[in-house]
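Comments concern the structure below.
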Amino acid sequence: MLYSEKVMDHFMHPRNVGVIENADGVGEVGNVKCGDIMKIYLKIENDVITDVKFNTFGCGSAIASSSMATEMIKGKPIAEALTLTNKAVVEALEGLPAHKLHCSVLAEEAVKAAVKDYYDRNGIDYDKSLFPDAPCCTHCG
Ligand code: FES
């Protein structure tokens, strides 16, 4: 079986799909090679992610990765969400095929982009090294 049960479950029944109106931070990233796009919306109160939703126009692994990533950061302090790595997402999904690892990278990048957006909107100072320029974005192609 190419995909784990966890991947199939999150692909077939993705959690936290949708849009948050008046989100406090929105992150959109894309991969120019495959053309997939992921958007993550955050609601933030007192430095805690109280709600998160995503829209992913992409492959099944990207959908499963974003679903898992949203579950992993919901209710967590921002600082903790920023430590989320694509590797952790892959582990939580019980693995992804090698050629699908980039799909989980999108999830990590989308979370970071949404937090960065929140910081930028509120004029909050942050360590720039936490947000390396995404290698692929929707406007770099
Ligand atoms: Fe590109 Fe999955 S194939 S995100």
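Residues are referred to by chain and number: the chain letter is A, B, ... according to the order shown in the structure tokens, the number counts from 1 in that chain, and ligands are numbered separately from 1 in the order shown.
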
- Residues near Gly95 of chain A, cut-off 10 Å, only C-alpha atoms, skip fewer than 3 positions along chain, as a list in words: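 Using only C-alpha atoms, the neighbours found are Leu2, Tyr3, Ser4, Glu5, Lys6, Val7, Lys87, Ala88, Val89, Val90, Glu91, Ala92, Ala98, Lys100 and Leu101 of chain A.
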
The selected residues should be written to file as a PDB file, in the first residue's frame (atoms: N, CA, C and O atoms).
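File selection-v1.pdb, as written:
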```
ATOM      1  N   LEU A   2       0.670   2.111  -0.959  1.00  0.00           N
ATOM      2  CA  LEU A   2       1.507   3.293  -1.123  1.00  0.00           C
ATOM      3  C   LEU A   2       1.266   4.301   0.007  1.00  0.00           C
ATOM      4  O   LEU A   2       2.197   4.920   0.502  1.00  0.00           O
ATOM      5  N   TYR A   3       0.022   4.434   0.409  1.00  0.00           N
ATOM      6  CA  TYR A   3      -0.328   5.436   1.420  1.00  0.00           C
ATOM      7  C   TYR A   3      -0.795   4.779   2.712  1.00  0.00           C
ATOM      8  O   TYR A   3      -1.523   3.789   2.677  1.00  0.00           O
ATOM      9  N   SER A   4      -0.399   5.377   3.833  1.00  0.00           N
ATOM     10  CA  SER A   4      -0.799   4.850   5.135  1.00  0.00           C
ATOM     11  C   SER A   4      -2.302   5.088   5.342  1.00  0.00           C
ATOM     12  O   SER A   4      -2.920   5.922   4.671  1.00  0.00           O
ATOM     13  N   GLU A   5      -2.847   4.371   6.311  1.00  0.00           N
ATOM     14  CA  GLU A   5      -4.267   4.568   6.628  1.00  0.00           C
ATOM     15  C   GLU A   5      -4.527   5.992   7.084  1.00  0.00           C
ATOM     16  O   GLU A   5      -5.572   6.568   6.783  1.00  0.00           O
ATOM     17  N   LYS A   6      -3.561   6.534   7.815  1.00  0.00           N
ATOM     18  CA  LYS A   6      -3.708   7.917   8.321  1.00  0.00           C
ATOM     19  C   LYS A   6      -3.826   8.899   7.165  1.00  0.00           C
ATOM     20  O   LYS A   6      -4.647   9.803   7.175  1.00  0.00           O
ATOM     21  N   VAL A   7      -2.968   8.710   6.158  1.00  0.00           N
ATOM     22  CA  VAL A   7      -3.014   9.604   4.993  1.00  0.00           C
ATOM     23  C   VAL A   7      -4.374   9.478   4.317  1.00  0.00           C
ATOM     24  O   VAL A   7      -5.024  10.485   4.000  1.00  0.00           O
ATOM     25  N   LYS A  87       8.620  17.228   8.764  1.00  0.00           N
ATOM     26  CA  LYS A  87       8.969  15.879   9.211  1.00  0.00           C
ATOM     27  C   LYS A  87       7.968  15.389  10.268  1.00  0.00           C
ATOM     28  O   LYS A  87       7.531  14.234  10.247  1.00  0.00           O
ATOM     29  N   ALA A  88       7.611  16.293  11.171  1.00  0.00           N
ATOM     30  CA  ALA A  88       6.640  15.927  12.210  1.00  0.00           C
ATOM     31  C   ALA A  88       5.284  15.606  11.589  1.00  0.00           C
ATOM     32  O   ALA A  88       4.577  14.697  12.033  1.00  0.00           O
ATOM     33  N   VAL A  89       4.930  16.366  10.560  1.00  0.00           N
ATOM     34  CA  VAL A  89       3.655  16.106   9.871  1.00  0.00           C
ATOM     35  C   VAL A  89       3.697  14.731   9.207  1.00  0.00           C
ATOM     36  O   VAL A  89       2.754  13.937   9.312  1.00  0.00           O
ATOM     37  N   VAL A  90       4.814  14.440   8.568  1.00  0.00           N
ATOM     38  CA  VAL A  90       4.954  13.140   7.895  1.00  0.00           C
ATOM     39  C   VAL A  90       4.890  12.005   8.915  1.00  0.00           C
ATOM     40  O   VAL A  90       4.229  10.984   8.691  1.00  0.00           O
ATOM     41  N   GLU A  91       5.548  12.215  10.050  1.00  0.00           N
ATOM     42  CA  GLU A  91       5.520  11.171  11.087  1.00  0.00           C
ATOM     43  C   GLU A  91       4.100  10.959  11.597  1.00  0.00           C
ATOM     44  O   GLU A  91       3.660   9.827  11.784  1.00  0.00           O
ATOM     45  N   ALA A  92       3.390  12.052  11.806  1.00  0.00           N
ATOM     46  CA  ALA A  92       2.014  11.936  12.296  1.00  0.00           C
ATOM     47  C   ALA A  92       1.131  11.229  11.276  1.00  0.00           C
ATOM     48  O   ALA A  92       0.171  10.545  11.634  1.00  0.00           O
ATOM     49  N   ALA A  98       8.410   9.031  -0.896  1.00  0.00           N
ATOM     50  CA  ALA A  98       9.483  10.023  -1.068  1.00  0.00           C
ATOM     51  C   ALA A  98       9.095  11.139  -2.032  1.00  0.00           C
ATOM     52  O   ALA A  98       9.355  12.313  -1.760  1.00  0.00           O
ATOM     53  N   LYS A 100       6.440  12.419  -2.491  1.00  0.00           N
ATOM     54  CA  LYS A 100       5.324  13.211  -1.970  1.00  0.00           C
ATOM     55  C   LYS A 100       5.728  14.027  -0.740  1.00  0.00           C
ATOM     56  O   LYS A 100       4.896  14.697  -0.133  1.00  0.00           O
ATOM     57  N   LEU A 101       7.006  13.967  -0.388  1.00  0.00           N
ATOM     58  CA  LEU A 101       7.439  14.694   0.807  1.00  0.00           C
ATOM     59  C   LEU A 101       7.255  16.199   0.641  1.00  0.00           C
ATOM     60  O   LEU A 101       6.968  16.910   1.600  1.00  0.00           O
TER      61      LEU A 101
END
```

- Task: Name the residues in contact with Lys112 of chain A at a cut-off of 9 Å, using only C-alpha atoms, excluding same-chain residues fewer than 2 positions from it; report them as a list in words.
- Result: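 Here the answer would be Gly27, Ala81, Leu82, Leu84, Ala107, Glu108, Glu109, Ala110, Ala114, Val115, Lys116, Asp117, Leu130 and Phe131 of chain A.
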
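The shortest atom-to-atom distance to Thr85 of chain A, with only C-alpha atoms taken into account, belongs to A:Val105 out of A:Ile20, A:Val105, A:Ile73, A:Ala64.
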
Pull the closest atom pair for each residue of chain A that gets at most 6 Å from ligand 1, along with the distance in Å to one decimal, counting only C-alpha atoms and all ligand atoms, ordering rows by chain and then ascending residue number, as a tab-separated table.
```
residue	atom	partner	partner_atom_place_in_ligand_line	distance
A:Cys34	CA	ligand 1	1 (Fe)	4.5
A:Asp36	CA	ligand 1	4 (S)	5.1
A:Gly58	CA	ligand 1	4 (S)	5.8
A:Cys59	CA	ligand 1	2 (Fe)	4.5
A:Ser61	CA	ligand 1	2 (Fe)	5.4
A:Ala62	CA	ligand 1	2 (Fe)	4.7
A:Lys100	CA	ligand 1	2 (Fe)	5.8
A:Cys103	CA	ligand 1	4 (S)	3.7
```

Got a sec to tell me which of chain A DSSP assigns to strand (DSSP E), as a PDB file with N, CA, C and O atoms, in the first residue's frame?
```pdb
ATOM      1  N   GLY A  25      -4.476  35.859  10.734  1.00  0.00           N
ATOM      2  CA  GLY A  25      -3.317  35.629   9.880  1.00  0.00           C
ATOM      3  C   GLY A  25      -3.682  34.644   8.789  1.00  0.00           C
ATOM      4  O   GLY A  25      -4.403  33.669   9.052  1.00  0.00           O
ATOM      5  N   VAL A  26      -3.218  34.931   7.571  1.00  0.00           N
ATOM      6  CA  VAL A  26      -3.494  34.034   6.454  1.00  0.00           C
ATOM      7  C   VAL A  26      -2.181  33.749   5.738  1.00  0.00           C
ATOM      8  O   VAL A  26      -1.398  34.663   5.482  1.00  0.00           O
ATOM      9  N   GLY A  27      -1.939  32.504   5.464  1.00  0.00           N
ATOM     10  CA  GLY A  27      -0.715  32.132   4.753  1.00  0.00           C
ATOM     11  C   GLY A  27      -1.053  31.351   3.505  1.00  0.00           C
ATOM     12  O   GLY A  27      -1.839  30.410   3.558  1.00  0.00           O
ATOM     13  N   GLU A  28      -0.479  31.782   2.392  1.00  0.00           N
ATOM     14  CA  GLU A  28      -0.719  31.054   1.154  1.00  0.00           C
ATOM     15  C   GLU A  28       0.620  30.704   0.540  1.00  0.00           C
ATOM     16  O   GLU A  28       1.488  31.561   0.379  1.00  0.00           O
ATOM     17  N   VAL A  29       0.785  29.453   0.237  1.00  0.00           N
ATOM     18  CA  VAL A  29       2.019  29.013  -0.403  1.00  0.00           C
ATOM     19  C   VAL A  29       1.670  28.084  -1.558  1.00  0.00           C
ATOM     20  O   VAL A  29       0.570  27.545  -1.625  1.00  0.00           O
ATOM     21  N   GLY A  30       2.632  27.932  -2.436  1.00  0.00           N
ATOM     22  CA  GLY A  30       2.386  27.049  -3.565  1.00  0.00           C
ATOM     23  C   GLY A  30       3.679  26.414  -4.015  1.00  0.00           C
ATOM     24  O   GLY A  30       4.770  26.838  -3.637  1.00  0.00           O
ATOM     25  N   ILE A  37      -1.611  24.553  -4.417  1.00  0.00           N
ATOM     26  CA  ILE A  37      -1.672  25.757  -3.581  1.00  0.00           C
ATOM     27  C   ILE A  37      -2.339  25.426  -2.249  1.00  0.00           C
ATOM     28  O   ILE A  37      -3.324  24.690  -2.215  1.00  0.00           O
ATOM     29  N   MET A  38      -1.784  25.978  -1.185  1.00  0.00           N
ATOM     30  CA  MET A  38      -2.333  25.735   0.148  1.00  0.00           C
ATOM     31  C   MET A  38      -2.515  27.063   0.857  1.00  0.00           C
ATOM     32  O   MET A  38      -1.640  27.918   0.808  1.00  0.00           O
ATOM     33  N   LYS A  39      -3.671  27.210   1.496  1.00  0.00           N
ATOM     34  CA  LYS A  39      -3.960  28.449   2.215  1.00  0.00           C
ATOM     35  C   LYS A  39      -4.401  28.088   3.627  1.00  0.00           C
ATOM     36  O   LYS A  39      -5.269  27.231   3.797  1.00  0.00           O
ATOM     37  N   ILE A  40      -3.800  28.736   4.607  1.00  0.00           N
ATOM     38  CA  ILE A  40      -4.141  28.454   6.006  1.00  0.00           C
ATOM     39  C   ILE A  40      -4.576  29.738   6.694  1.00  0.00           C
ATOM     40  O   ILE A  40      -3.960  30.796   6.514  1.00  0.00           O
ATOM     41  N   TYR A  41      -5.667  29.642   7.430  1.00  0.00           N
ATOM     42  CA  TYR A  41      -6.237  30.785   8.161  1.00  0.00           C
ATOM     43  C   TYR A  41      -6.100  30.545   9.653  1.00  0.00           C
ATOM     44  O   TYR A  41      -6.418  29.443  10.129  1.00  0.00           O
ATOM     45  N   LEU A  42      -5.670  31.569  10.393  1.00  0.00           N
ATOM     46  CA  LEU A  42      -5.513  31.430  11.835  1.00  0.00           C
ATOM     47  C   LEU A  42      -6.346  32.452  12.582  1.00  0.00           C
ATOM     48  O   LEU A  42      -6.454  33.608  12.168  1.00  0.00           O
ATOM     49  N   LYS A  43      -6.922  32.006  13.670  1.00  0.00           N
ATOM     50  CA  LYS A  43      -7.552  32.904  14.637  1.00  0.00           C
ATOM     51  C   LYS A  43      -6.643  32.846  15.854  1.00  0.00           C
ATOM     52  O   LYS A  43      -6.323  31.747  16.349  1.00  0.00           O
ATOM     53  N   ILE A  44      -6.193  34.000  16.312  1.00  0.00           N
ATOM     54  CA  ILE A  44      -5.210  34.021  17.392  1.00  0.00           C
ATOM     55  C   ILE A  44      -5.692  34.900  18.542  1.00  0.00           C
ATOM     56  O   ILE A  44      -6.132  36.039  18.316  1.00  0.00           O
ATOM     57  N   GLU A  45      -5.633  34.342  19.740  1.00  0.00           N
ATOM     58  CA  GLU A  45      -5.980  35.118  20.939  1.00  0.00           C
ATOM     59  C   GLU A  45      -4.918  34.886  21.987  1.00  0.00           C
ATOM     60  O   GLU A  45      -4.623  33.732  22.316  1.00  0.00           O
ATOM     61  N   VAL A  48      -2.298  32.399  21.320  1.00  0.00           N
ATOM     62  CA  VAL A  48      -2.698  30.995  21.156  1.00  0.00           C
ATOM     63  C   VAL A  48      -3.559  30.882  19.898  1.00  0.00           C
ATOM     64  O   VAL A  48      -4.406  31.742  19.621  1.00  0.00           O
ATOM     65  N   ILE A  49      -3.333  29.824  19.139  1.00  0.00           N
ATOM     66  CA  ILE A  49      -4.114  29.588  17.926  1.00  0.00           C
ATOM     67  C   ILE A  49      -5.430  28.945  18.339  1.00  0.00           C
ATOM     68  O   ILE A  49      -5.487  27.759  18.663  1.00  0.00           O
ATOM     69  N   THR A  50      -6.465  29.777  18.380  1.00  0.00           N
ATOM     70  CA  THR A  50      -7.740  29.272  18.881  1.00  0.00           C
ATOM     71  C   THR A  50      -8.530  28.575  17.782  1.00  0.00           C
ATOM     72  O   THR A  50      -9.390  27.748  18.060  1.00  0.00           O
ATOM     73  N   ASP A  51      -8.254  28.936  16.532  1.00  0.00           N
ATOM     74  CA  ASP A  51      -8.939  28.237  15.437  1.00  0.00           C
ATOM     75  C   ASP A  51      -8.049  28.269  14.210  1.00  0.00           C
ATOM     76  O   ASP A  51      -7.234  29.172  14.037  1.00  0.00           O
ATOM     77  N   VAL A  52      -8.215  27.270  13.381  1.00  0.00           N
ATOM     78  CA  VAL A  52      -7.419  27.184  12.157  1.00  0.00           C
ATOM     79  C   VAL A  52      -8.225  26.445  11.103  1.00  0.00           C
ATOM     80  O   VAL A  52      -8.926  25.475  11.398  1.00  0.00           O
ATOM     81  N   LYS A  53      -8.154  26.972   9.891  1.00  0.00           N
ATOM     82  CA  LYS A  53      -8.833  26.296   8.776  1.00  0.00           C
ATOM     83  C   LYS A  53      -7.913  26.330   7.566  1.00  0.00           C
ATOM     84  O   LYS A  53      -7.005  27.150   7.475  1.00  0.00           O
ATOM     85  N   PHE A  54      -8.159  25.442   6.634  1.00  0.00           N
ATOM     86  CA  PHE A  54      -7.317  25.445   5.443  1.00  0.00           C
ATOM     87  C   PHE A  54      -8.127  25.165   4.188  1.00  0.00           C
ATOM     88  O   PHE A  54      -9.205  24.565   4.232  1.00  0.00           O
ATOM     89  N   ASN A  55      -7.569  25.641   3.092  1.00  0.00           N
ATOM     90  CA  ASN A  55      -8.067  25.310   1.765  1.00  0.00           C
ATOM     91  C   ASN A  55      -6.868  24.873   0.963  1.00  0.00           C
ATOM     92  O   ASN A  55      -5.890  25.616   0.861  1.00  0.00           O
ATOM     93  N   THR A  56      -6.919  23.692   0.438  1.00  0.00           N
ATOM     94  CA  THR A  56      -5.800  23.216  -0.360  1.00  0.00           C
ATOM     95  C   THR A  56      -6.302  22.777  -1.725  1.00  0.00           C
ATOM     96  O   THR A  56      -7.222  21.962  -1.824  1.00  0.00           O
ATOM     97  N   PHE A  57      -5.725  23.393  -2.746  1.00  0.00           N
ATOM     98  CA  PHE A  57      -6.026  22.978  -4.109  1.00  0.00           C
ATOM     99  C   PHE A  57      -4.834  22.165  -4.551  1.00  0.00           C
ATOM    100  O   PHE A  57      -3.851  22.704  -5.049  1.00  0.00           O
TER     101      PHE A  57
END
```

- Message: Write out as a PyMOL selection string the set of residues from segment 3-95 of chain A that DSSP, computed on the backbone, places in helix (DSSP H, G or I).
- Response: chain A and resi 5-12+60-73+78-81+86-92

Using only N, CA and C atoms, please write the residues we just selected to a file, as a tab-separated table (two decimals), in the first residue's frame.
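Output (part.tsv):
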```
chain	number	residue	atom	x	y	z
A	5	GLU	N	-2.85	4.37	6.31
A	5	GLU	CA	-4.27	4.57	6.63
A	5	GLU	C	-4.53	5.99	7.08
A	6	LYS	N	-3.56	6.53	7.82
A	6	LYS	CA	-3.71	7.92	8.32
A	6	LYS	C	-3.83	8.90	7.16
A	7	VAL	N	-2.97	8.71	6.16
A	7	VAL	CA	-3.01	9.60	4.99
A	7	VAL	C	-4.37	9.48	4.32
A	8	MET	N	-4.81	8.25	4.11
A	8	MET	CA	-6.10	8.04	3.44
A	8	MET	C	-7.23	8.67	4.24
A	9	ASP	N	-7.17	8.49	5.57
A	9	ASP	CA	-8.22	9.03	6.44
A	9	ASP	C	-8.28	10.56	6.32
A	10	HIS	N	-7.12	11.20	6.40
A	10	HIS	CA	-7.11	12.67	6.34
A	10	HIS	C	-7.40	13.19	4.94
A	11	PHE	N	-7.12	12.37	3.94
A	11	PHE	CA	-7.46	12.77	2.57
A	11	PHE	C	-8.97	12.65	2.34
A	12	MET	N	-9.55	11.54	2.81
A	12	MET	CA	-10.97	11.31	2.59
A	12	MET	C	-11.84	12.17	3.52
A	60	GLY	N	-3.70	14.66	-3.03
A	60	GLY	CA	-4.18	14.02	-1.80
A	60	GLY	C	-3.21	14.16	-0.65
A	61	SER	N	-1.92	14.04	-0.93
A	61	SER	CA	-0.93	14.16	0.15
A	61	SER	C	-0.89	15.58	0.71
A	62	ALA	N	-1.10	16.55	-0.16
A	62	ALA	CA	-1.12	17.94	0.30
A	62	ALA	C	-2.35	18.17	1.18
A	63	ILE	N	-3.47	17.60	0.80
A	63	ILE	CA	-4.69	17.74	1.60
A	63	ILE	C	-4.51	17.04	2.94
A	64	ALA	N	-3.99	15.83	2.93
A	64	ALA	CA	-3.76	15.09	4.18
A	64	ALA	C	-2.76	15.84	5.06
A	65	SER	N	-1.72	16.40	4.45
A	65	SER	CA	-0.70	17.12	5.22
A	65	SER	C	-1.29	18.37	5.85
A	66	SER	N	-2.12	19.10	5.10
A	66	SER	CA	-2.67	20.32	5.70
A	66	SER	C	-3.68	19.97	6.78
A	67	SER	N	-4.46	18.93	6.57
A	67	SER	CA	-5.41	18.50	7.58
A	67	SER	C	-4.67	18.14	8.87
A	68	MET	N	-3.63	17.35	8.74
A	68	MET	CA	-2.87	16.93	9.92
A	68	MET	C	-2.20	18.14	10.58
A	69	ALA	N	-1.62	19.02	9.77
A	69	ALA	CA	-0.92	20.18	10.33
A	69	ALA	C	-1.89	21.06	11.13
A	70	THR	N	-3.11	21.24	10.62
A	70	THR	CA	-4.07	22.09	11.35
A	70	THR	C	-4.42	21.44	12.69
A	71	GLU	N	-4.56	20.12	12.69
A	71	GLU	CA	-4.86	19.43	13.95
A	71	GLU	C	-3.72	19.61	14.95
A	72	MET	N	-2.50	19.61	14.42
A	72	MET	CA	-1.33	19.66	15.30
A	72	MET	C	-1.11	21.05	15.91
A	73	ILE	N	-1.64	22.10	15.28
A	73	ILE	CA	-1.38	23.44	15.82
A	73	ILE	C	-2.60	24.04	16.50
A	78	ILE	N	1.50	30.10	19.61
A	78	ILE	CA	2.16	30.38	18.34
A	78	ILE	C	3.57	29.80	18.32
A	79	ALA	N	4.30	30.02	19.42
A	79	ALA	CA	5.70	29.57	19.46
A	79	ALA	C	5.80	28.07	19.18
A	80	GLU	N	4.83	27.34	19.65
A	80	GLU	CA	4.86	25.90	19.43
A	80	GLU	C	4.52	25.57	17.97
A	81	ALA	N	3.56	26.30	17.42
A	81	ALA	CA	3.17	26.07	16.02
A	81	ALA	C	4.35	26.32	15.09
A	86	ASN	N	7.85	19.78	8.65
A	86	ASN	CA	7.20	18.87	7.72
A	86	ASN	C	7.47	17.43	8.13
A	87	LYS	N	8.62	17.23	8.76
A	87	LYS	CA	8.97	15.88	9.21
A	87	LYS	C	7.97	15.39	10.27
A	88	ALA	N	7.61	16.29	11.17
A	88	ALA	CA	6.64	15.93	12.21
A	88	ALA	C	5.28	15.61	11.59
A	89	VAL	N	4.93	16.37	10.56
A	89	VAL	CA	3.66	16.11	9.87
A	89	VAL	C	3.70	14.73	9.21
A	90	VAL	N	4.81	14.44	8.57
A	90	VAL	CA	4.95	13.14	7.89
A	90	VAL	C	4.89	12.00	8.92
A	91	GLU	N	5.55	12.22	10.05
A	91	GLU	CA	5.52	11.17	11.09
A	91	GLU	C	4.10	10.96	11.60
A	92	ALA	N	3.39	12.05	11.81
A	92	ALA	CA	2.01	11.94	12.30
A	92	ALA	C	1.13	11.23	11.28
```

- Could you jot down the atom CA of Val32 of chain A to atom CA of His13 of chain A separation for me, Å, one decimal place?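 Separating atom CA of Val32 of chain A from atom CA of His13 of chain A is a distance of 26.1 Å.
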
- Task: Kindly give the distance, in Å, that separates atom CA of His102 of chain A and atom CA of Val19 of chain A, rounded to a single decimal.
- Result: 23.5 Å
